[in-house]
Structure formats: C-alpha cells, structure tokens
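Next up, start09.cif (mmCIF, C-alpha atoms and all ligand atoms):
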data_target
#
loop_
_atom_site.label_atom_id
_atom_site.label_comp_id
_atom_site.auth_asym_id
_atom_site.auth_seq_id
_atom_site.Cartn_x
_atom_site.Cartn_y
_atom_site.Cartn_z
CA MET Y 1 -212.14 74.97 -137.56
CA ASN Y 2 -210.94 76.09 -140.93
CA ASN Y 3 -213.91 78.03 -142.24
CA THR Y 4 -213.36 81.72 -141.86
CA ILE Y 5 -216.27 83.55 -140.31
CA LEU Y 6 -214.76 87.03 -140.04
CA GLU Y 7 -211.77 88.47 -141.83
CA VAL Y 8 -210.16 91.87 -142.26
CA HIS Y 9 -207.92 92.86 -145.18
CA ASN Y 10 -205.62 95.82 -145.59
CA LEU Y 11 -207.27 97.60 -142.70
CA GLN Y 12 -206.48 101.10 -141.56
CA PHE Y 13 -208.33 103.18 -139.00
CA LYS Y 14 -207.43 106.81 -138.39
CA ARG Y 15 -208.69 109.40 -135.93
CA GLY Y 16 -207.93 112.73 -137.58
CA ASN Y 17 -204.38 112.37 -138.86
CA ARG Y 18 -203.48 109.76 -136.29
CA GLU Y 19 -203.29 106.16 -137.42
CA ILE Y 20 -204.82 103.92 -134.72
CA LEU Y 21 -204.86 100.61 -136.63
CA ASN Y 22 -202.92 99.22 -139.56
CA ILE Y 23 -203.53 95.50 -140.09
CA ASP Y 24 -202.84 93.56 -143.29
CA HIS Y 25 -204.89 90.52 -142.44
CA PHE Y 26 -206.69 89.00 -139.49
CA ALA Y 27 -209.16 86.09 -139.50
CA LEU Y 28 -211.49 84.45 -137.01
CA TYR Y 29 -212.52 80.88 -137.77
CA GLU Y 30 -215.79 79.09 -137.05
CA ARG Y 31 -216.10 77.95 -133.41
CA GLU Y 32 -212.82 79.50 -132.32
CA THR Y 33 -212.09 81.93 -129.50
CA ILE Y 34 -209.32 84.47 -130.01
CA ALA Y 35 -207.87 86.39 -127.08
CA LEU Y 36 -206.86 89.83 -128.36
CA ILE Y 37 -204.18 91.17 -126.05
CA GLY Y 38 -201.93 94.21 -125.90
CA ALA Y 39 -200.98 97.15 -123.71
CA ASN Y 40 -203.34 100.03 -122.89
CA GLY Y 41 -203.93 102.09 -125.99
CA ALA Y 42 -202.67 99.38 -128.41
CA GLY Y 43 -205.97 99.57 -130.33
CA LYS Y 44 -207.77 96.44 -129.05
CA SER Y 45 -211.15 98.09 -128.47
CA THR Y 46 -210.90 99.99 -131.73
CA LEU Y 47 -210.18 96.79 -133.68
CA LEU Y 48 -213.07 95.04 -131.96
CA GLN Y 49 -215.44 97.87 -132.85
CA VAL Y 50 -214.26 97.93 -136.46
CA MET Y 51 -214.80 94.16 -136.73
CA ALA Y 52 -218.22 94.49 -135.09
CA LEU Y 53 -219.07 97.14 -137.73
CA LEU Y 54 -219.55 99.80 -135.05
CA LEU Y 55 -216.71 101.90 -136.51
CA LYS Y 56 -216.01 102.32 -140.20
CA PRO Y 57 -212.40 101.71 -141.26
CA THR Y 58 -210.57 104.50 -143.09
CA ARG Y 59 -209.32 101.88 -145.57
CA GLY Y 60 -209.74 98.16 -146.15
CA THR Y 61 -212.53 95.62 -145.71
CA VAL Y 62 -214.25 93.55 -143.07
CA GLU Y 63 -215.69 90.34 -144.51
CA PHE Y 64 -218.37 88.24 -142.88
CA ARG Y 65 -218.50 84.68 -144.26
CA GLY Y 66 -216.59 85.88 -147.33
CA VAL Y 67 -218.90 88.84 -148.04
CA PRO Y 68 -217.40 92.33 -147.65
CA ALA Y 69 -219.45 94.60 -145.36
CA THR Y 70 -221.01 97.58 -147.14
CA PRO Y 71 -223.48 100.24 -145.99
CA ARG Y 72 -226.24 98.14 -147.62
CA ASN Y 73 -225.58 94.85 -145.84
CA ALA Y 74 -224.04 96.16 -142.59
CA LEU Y 75 -227.26 95.94 -140.53
CA ALA Y 76 -227.93 92.36 -141.64
CA ILE Y 77 -224.36 91.38 -140.73
CA ARG Y 78 -224.50 93.22 -137.40
CA ARG Y 79 -227.55 91.16 -136.54
CA ARG Y 80 -225.35 88.06 -136.69
CA MET Y 81 -223.08 89.61 -134.04
CA ALA Y 82 -223.33 90.53 -130.36
CA VAL Y 83 -221.06 92.66 -128.20
CA VAL Y 84 -220.46 92.59 -124.44
CA PHE Y 85 -218.64 95.63 -123.06
CA GLN Y 86 -216.85 96.22 -119.77
CA GLU Y 87 -219.92 98.16 -118.58
CA PRO Y 88 -223.06 96.00 -118.77
CA LEU Y 89 -225.07 98.93 -120.29
CA LEU Y 90 -228.43 97.63 -119.11
CA LEU Y 91 -231.77 99.34 -119.74
CA ASN Y 92 -233.56 100.71 -116.68
CA THR Y 93 -236.07 97.86 -116.57
CA THR Y 94 -236.23 94.26 -115.38
CA VAL Y 95 -233.64 91.58 -116.04
CA TYR Y 96 -236.20 89.69 -118.16
CA GLU Y 97 -236.92 92.74 -120.32
CA ASN Y 98 -233.22 93.46 -120.74
CA VAL Y 99 -232.69 90.03 -122.25
CA ALA Y 100 -235.95 90.11 -124.23
CA THR Y 101 -235.60 93.56 -125.84
CA GLY Y 102 -233.04 92.63 -128.50
CA LEU Y 103 -235.18 89.65 -129.52
CA LYS Y 104 -238.30 91.82 -129.80
CA LEU Y 105 -236.40 94.28 -131.99
CA ARG Y 106 -235.38 91.42 -134.26
CA GLY Y 107 -238.98 90.28 -134.58
CA VAL Y 108 -238.55 86.95 -132.76
CA PRO Y 109 -242.09 85.59 -132.10
CA GLN Y 110 -243.39 85.82 -128.51
CA GLY Y 111 -243.27 82.07 -127.70
CA GLU Y 112 -239.77 81.58 -129.08
CA MET Y 113 -238.64 84.76 -127.32
CA LYS Y 114 -239.85 83.57 -123.91
CA LYS Y 115 -238.21 80.17 -124.43
CA ARG Y 116 -234.88 81.78 -125.30
CA VAL Y 117 -234.95 84.32 -122.46
CA ASP Y 118 -235.85 81.64 -119.89
CA ARG Y 119 -233.14 79.32 -121.23
CA TRP Y 120 -230.37 81.92 -121.04
CA LEU Y 121 -231.39 83.26 -117.66
CA GLU Y 122 -231.24 79.66 -116.42
CA LEU Y 123 -227.89 78.91 -118.10
CA LEU Y 124 -226.33 82.02 -116.59
CA GLY Y 125 -227.73 81.24 -113.14
CA ILE Y 126 -229.92 84.37 -112.92
CA ALA Y 127 -233.44 82.94 -113.43
CA HIS Y 128 -234.28 84.00 -109.86
CA LEU Y 129 -233.47 87.62 -110.80
CA ALA Y 130 -235.85 87.80 -113.80
CA GLY Y 131 -238.15 90.37 -112.14
CA ARG Y 132 -235.37 92.42 -110.52
CA ARG Y 133 -234.68 95.88 -111.95
CA SER Y 134 -231.23 96.45 -113.39
CA HIS Y 135 -230.15 99.12 -110.87
CA GLN Y 136 -230.71 96.59 -108.06
CA LEU Y 137 -228.07 94.17 -109.38
CA SER Y 138 -224.48 93.65 -108.26
CA GLY Y 139 -221.73 94.15 -110.86
CA GLY Y 140 -221.37 90.40 -111.38
CA GLU Y 141 -225.13 89.86 -111.72
CA ALA Y 142 -225.38 92.75 -114.17
CA GLN Y 143 -222.62 91.29 -116.31
CA ARG Y 144 -224.42 87.92 -116.29
CA VAL Y 145 -227.50 89.72 -117.64
CA SER Y 146 -225.39 91.34 -120.32
CA LEU Y 147 -224.03 87.89 -121.31
CA ALA Y 148 -227.53 86.34 -121.30
CA ARG Y 149 -228.71 89.20 -123.54
CA ALA Y 150 -225.86 88.56 -125.99
CA PHE Y 151 -226.24 84.73 -126.07
CA ALA Y 152 -230.04 84.94 -126.43
CA LEU Y 153 -229.48 86.66 -129.78
CA GLU Y 154 -227.80 83.41 -130.93
CA PRO Y 155 -225.09 85.35 -132.75
CA ASP Y 156 -222.51 83.80 -135.04
CA VAL Y 157 -219.80 85.98 -133.51
CA LEU Y 158 -219.56 87.31 -129.97
CA PHE Y 159 -217.27 90.25 -129.18
CA LEU Y 160 -216.19 90.62 -125.56
CA ASP Y 161 -214.40 93.84 -124.61
CA GLU Y 162 -212.79 93.31 -121.19
CA PRO Y 163 -216.15 92.12 -119.88
CA PHE Y 164 -214.93 91.13 -116.43
CA SER Y 165 -212.28 93.70 -115.62
CA ALA Y 166 -214.49 95.57 -113.15
CA LEU Y 167 -215.40 92.42 -111.19
CA ASP Y 168 -213.79 90.90 -108.11
CA PHE Y 169 -211.55 87.88 -108.55
CA PRO Y 170 -213.94 85.07 -107.49
CA THR Y 171 -216.73 86.46 -109.69
CA ARG Y 172 -214.34 86.88 -112.60
CA LEU Y 173 -213.07 83.33 -112.22
CA SER Y 174 -216.51 81.75 -112.21
CA LEU Y 175 -217.67 83.85 -115.18
CA LEU Y 176 -214.53 83.01 -117.18
CA ASN Y 177 -215.14 79.30 -116.59
CA GLU Y 178 -218.83 79.54 -117.44
CA LEU Y 179 -218.24 81.62 -120.53
CA ASP Y 180 -215.64 79.15 -121.78
CA ARG Y 181 -218.14 76.30 -121.37
CA LEU Y 182 -220.99 78.23 -123.04
CA LEU Y 183 -218.83 79.16 -126.04
CA LYS Y 184 -217.74 75.54 -126.45
CA ASP Y 185 -221.32 74.24 -126.08
CA THR Y 186 -222.86 76.73 -128.52
CA GLY Y 187 -219.96 76.82 -131.00
CA ILE Y 188 -220.20 80.61 -131.19
CA ALA Y 189 -216.95 82.17 -132.43
CA ALA Y 190 -215.61 84.88 -130.14
CA ILE Y 191 -213.03 87.62 -129.85
CA PHE Y 192 -212.11 88.33 -126.26
CA VAL Y 193 -210.24 91.56 -125.53
CA THR Y 194 -208.24 91.65 -122.35
CA HIS Y 195 -205.14 93.30 -120.96
CA ASP Y 196 -205.10 90.94 -117.99
CA PHE Y 197 -202.83 88.05 -119.00
CA SER Y 198 -204.17 85.82 -116.21
CA GLU Y 199 -207.48 85.67 -118.12
CA VAL Y 200 -205.91 84.50 -121.37
CA PRO Y 201 -205.75 80.73 -120.64
CA TYR Y 202 -209.52 80.62 -120.06
CA LEU Y 203 -210.77 81.85 -123.40
CA THR Y 204 -208.22 81.03 -126.01
CA ASP Y 205 -207.85 78.84 -129.04
CA ARG Y 206 -205.49 81.42 -130.47
CA VAL Y 207 -203.92 84.59 -129.15
CA ALA Y 208 -203.49 87.77 -131.22
CA VAL Y 209 -201.05 90.39 -129.96
CA LEU Y 210 -201.61 94.00 -130.90
CA LYS Y 211 -198.92 96.64 -130.49
CA ASN Y 212 -199.30 100.26 -131.56
CA GLY Y 213 -202.21 99.33 -133.81
CA ARG Y 214 -200.35 96.52 -135.55
CA LEU Y 215 -200.84 92.81 -135.22
CA VAL Y 216 -197.39 91.63 -134.19
CA LYS Y 217 -198.13 87.95 -133.44
CA THR Y 218 -200.90 85.40 -133.72
CA GLY Y 219 -200.68 81.79 -132.62
CA THR Y 220 -201.72 79.30 -130.01
CA PHE Y 221 -201.09 80.13 -126.37
CA GLU Y 222 -198.05 77.85 -126.39
CA GLU Y 223 -196.64 79.42 -129.55
CA ILE Y 224 -196.99 82.92 -128.13
CA PHE Y 225 -196.00 82.38 -124.50
CA LYS Y 226 -193.72 79.33 -124.92
CA VAL Y 227 -195.48 77.58 -122.03
CA LYS Y 228 -198.55 75.41 -121.81
CA PRO Y 229 -201.75 77.24 -120.91
CA ARG Y 230 -202.47 76.70 -117.22
CA ARG Y 231 -205.50 78.07 -115.54
CA GLU Y 232 -204.25 77.28 -112.08
CA ASN Y 233 -202.27 80.02 -110.44
CA TYR Y 234 -201.56 80.89 -106.89
CA ILE Y 235 -204.57 83.21 -106.64
CA THR Y 236 -206.85 80.36 -107.72
CA SER Y 237 -205.23 78.13 -105.11
CA LEU Y 238 -205.65 80.80 -102.45
CA TYR Y 239 -209.27 81.18 -103.41
CA ARG Y 240 -209.84 77.43 -103.07
CA VAL Y 241 -208.35 77.54 -99.58
CA PHE Y 242 -210.60 80.44 -98.69
CA GLU Y 243 -213.63 78.63 -100.13
CA SER Y 244 -212.98 75.44 -98.16
CA ASP Y 245 -212.41 77.47 -94.97
CA ALA Y 246 -215.65 79.33 -95.58
CA ALA Y 247 -217.44 76.04 -96.23
CA GLY Y 248 -215.92 74.41 -93.15
N1 LIG Y 301 -212.96 108.42 -129.02
C1 LIG Y 301 -211.64 108.57 -129.19
N2 LIG Y 301 -211.13 109.73 -129.63
C2 LIG Y 301 -209.80 109.90 -129.83
N3 LIG Y 301 -208.88 108.94 -129.61
C3 LIG Y 301 -209.33 107.76 -129.18
C4 LIG Y 301 -210.73 107.51 -128.94
N4 LIG Y 301 -210.87 106.22 -128.53
C5 LIG Y 301 -209.63 105.70 -128.49
N5 LIG Y 301 -208.71 106.61 -128.89
C6 LIG Y 301 -207.25 106.41 -128.99
O1 LIG Y 301 -207.03 105.31 -129.85
C7 LIG Y 301 -205.94 104.50 -129.37
C8 LIG Y 301 -206.42 103.06 -129.24
O2 LIG Y 301 -207.42 103.02 -128.23
P1 LIG Y 301 -208.15 101.67 -127.82
O3 LIG Y 301 -209.19 102.03 -126.81
O4 LIG Y 301 -208.57 100.95 -129.04
O5 LIG Y 301 -206.96 100.86 -127.12
P2 LIG Y 301 -207.03 99.57 -126.19
O6 LIG Y 301 -205.91 98.69 -126.62
O7 LIG Y 301 -208.40 99.00 -126.19
O8 LIG Y 301 -206.70 100.20 -124.77
P3 LIG Y 301 -207.20 99.81 -123.28
O9 LIG Y 301 -206.57 98.50 -122.93
O10 LIG Y 301 -206.65 100.95 -122.46
O11 LIG Y 301 -208.69 99.77 -123.29
C9 LIG Y 301 -205.49 105.12 -128.06
O12 LIG Y 301 -204.34 105.89 -128.29
C10 LIG Y 301 -206.66 106.00 -127.65
O13 LIG Y 301 -206.20 107.12 -126.94
#

Is it possible to give me this structure as structure tokens?
Amino acid sequence: MNNTILEVHNLQFKRGNREILNIDHFALYERETIALIGANGAGKSTLLQVMALLLKPTRGTVEFRGVPATPRNALAIRRRMAVVFQEPLLLNTTVYENVATGLKLRGVPQGEMKKRVDRWLELLGIAHLAGRRSHQLSGGEAQRVSLARAFALEPDVLFLDEPFSALDFPTRLSLLNELDRLLKDTGIAAIFVTHDFSEVPYLTDRVAVLKNGRLVKTGTFEEIFKVKPRRENYITSLYRVFESDAAG
C-alpha cells in the first residue's frame, strides 16, 4: 500500500482571519482506510472537504495521484471521488433513481448503469427498496442508499464524514462491519471522519489525530492508542445477548 493516492502539502485553510487548518503534510495510500479523529471543532470536516476539493485551501496543494489540483482539472479529479455525509442528502425520488442519478450525470451508458445500480442495491441489502421514495426510508435505510450511491460511482477515494453518528447502535454496528468489508473487497481508499472512538477499530489501517487544525499524530491503531484494536466491547456483547434473546 505504498502508492500515494491523495496528498496535501503545506496546507492552510482560513475563515476570515481565523486559521482553521495548518497541515504540513498528509497522505492517503492506495487501498488504505484512515480514521480521522479529533474533538468537536478540531477541523476534521473542513480537512475532508478540502481534500475532496469542495473547499479551496488558502495556501498549499492537494495532489491526486501526484497531480496538483487546479481549477482546470478539479472537476475531473472530483469525479474520481465520492463523499458520504452524516445526513444522507437524498433526492426526493426513488431509491433506484437516487443511486442512478450520479451515473447518468457522468454519462454512464444505460445498460452499465442498471447493472451497477442493481449490484450496489443488492450489496447494501436494499434491493427490495428500489421503488421506495426517499422520504419513506428509515435513517439506516437512507444511509445505505447514500453508501450505494457513492460506491456505484466506483470512486478511487471515498470520504465519509461521520456517516453513522445519527443511527442507533445496532444499525451503526452492522453498517460499520459491512462498510469495512466493502472497502476491503473493492480496494477503494477511504478517509473516515469520526469523533466516536468506539467506531475507530472498524475502519482503520491508520489513524490521524487532528487537534486545533493541526495533525498531531498519525500511525496504526496500536501506535496511537497503545493497545490492539478490538471491535468487541461490552455494548457489542450486550447487543449479542439481546439478539439471542429476541431470536429465542
Ligand atoms: N461555515 C462555517 N463558517 C464559519 N466557521 C466554521 C464553518 N464551518 C466550520 N467552522 C469552524 O471551523 C472549525 C472547524 O470545524 P469543523 O466542522 O471542520 O470541525 P470538526 O472537527 O469536523 O467538528 P465536529 O466533530 O464538531 O463536526 C470550528 O471552529 C468551526 O466552528
């Protein structure tokens, strides 16, 4: 995993006179998942949006596969990326159309588009909801649609900004597990923003810690937390008990 897919150099982002980000260097490698963690207001969402070319840095560069982003190539680079936000931000239409729209806009031919939409609805367990309108979905279902929409674009980089923080624990747990498997299967590189440390062991090859807009540490889970990553915790165990009771 040593090829860099996304890199920032000498990055600064200001709002008015206030410096929000100041980062010398940060890189995401092919096939890796980075958990970007930090307290509220540390600058995680801002960094994610700068890397996704949704916000322009005040200083410094964002490079995609070694090529610095410029106003001329930004759209082409953005088309190699997909973003999933905390709010699913679905269009007021069917689940199928929500997943298909981005592909239509990118000129994917009809046959290929249908194949991709069907595949991702199936992989995210929502094929039965294809004809359902977005306002008739639960929060967990809506976030599955948002993930299907992002994966169907077959991006090189997926940005996830606290995608599950509004969901209940069982839903969050199953989506974290599924997302981990899908990222591994597809090899899509990802940056996963969270302020919930219990989510970190699920989606992490490396952890990056942001504090007051500065990157204070990057390393493996073990290097950062000095313990081995364990997904099991008492809430998971409680949930299993509840599940087996419900089943019995
Ligand atoms: N649109 C905006 N206008 C002005 N200031 C903003 C805006 N968006 C964010 N900020 C400020 O920028 C700083 C970084 O915000 P950001 O949302 O990136 O942090 P975060 O680490 O993602 O926080 P959280 O975990 O609460 O989502 C904060 O001090 C925030 O108040």

### Message
Taking only C-alpha atoms and all ligand atoms into account, list the residues no farther than 6 Å from ligand LIG 301 (chain Y), as a list in words.
### Response
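For ligand LIG 301 (chain Y), the residues inside 6 Å are Ile20, Ala39, Asn40, Gly41, Ala42, Gly43, Lys44, Ser45, Thr46 and His195 of chain Y.
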
### Query
Could you name the residues that touch Leu179 (chain Y) at 10 Å or less, counting only C-alpha atoms, but leaving out those on the same chain fewer than 3 positions away, as a ChimeraX atom specification?
/Y:124,144,147,173-176,182-185,202-203

With C-alpha atoms kept, could you save the residues just selected as a compact mmCIF listing (two decimals), keeping the file's coordinate frame?
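Result went into selection_18.txt, see below:
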# COMPACT_ATOMS: atom_id res chain seq x y z
CA LEU Y 124 -226.33 82.02 -116.59
CA ARG Y 144 -224.42 87.92 -116.29
CA LEU Y 147 -224.03 87.89 -121.31
CA LEU Y 173 -213.07 83.33 -112.22
CA SER Y 174 -216.51 81.75 -112.21
CA LEU Y 175 -217.67 83.85 -115.18
CA LEU Y 176 -214.53 83.01 -117.18
CA LEU Y 182 -220.99 78.23 -123.04
CA LEU Y 183 -218.83 79.16 -126.04
CA LYS Y 184 -217.74 75.54 -126.45
CA ASP Y 185 -221.32 74.24 -126.08
CA TYR Y 202 -209.52 80.62 -120.06
CA LEU Y 203 -210.77 81.85 -123.40

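Nearest-residue note for Leu47 (chain Y): choosing from Y:Phe151, Y:Phe159, Y:Tyr29, Y:Trp120, the minimum distance belongs to Y:Phe159, counting only C-alpha atoms.
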
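When CA of Asp180 (chain Y) is paired with CA of Pro201 (chain Y), their separation reads 10.1 Å.
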
### Query
So, counting all atoms listed in the file, which residue among Y:Glu63, Y:Gly38, Y:Gly131, Y:Arg149 is closest to Leu210 (chain Y)?
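Closest residue, counting all atoms listed in the file: Y:Gly38.
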
### Task
Work out how far apart CA of Asp118 (chain Y) and CA of Arg78 (chain Y) are and give it in Å to one decimal.
23.9 Å

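Proximity of Y:Asp161, Y:Glu97, Y:Glu19, Y:Glu141 to Val84 (chain Y), computed with all atoms listed in the file, is greatest for Y:Asp161.
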
### Message
Using all atoms listed in the file, which protein or nucleic acid residues come within 10 Å of Ala35 (chain Y)? Drop anything in the same chain fewer than 5 positions from it, and give the result as a list in words.
### Response
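Result of the neighbour search: Leu160, Ala190, Ile191, Phe192, Val193, Thr194, His195, Phe197, Glu199, Val200, Pro201, Tyr202, Leu203, Thr204, Asp205, Arg206, Val207, Ala208, Val209, Thr218, Thr220 and Phe221 of chain Y.
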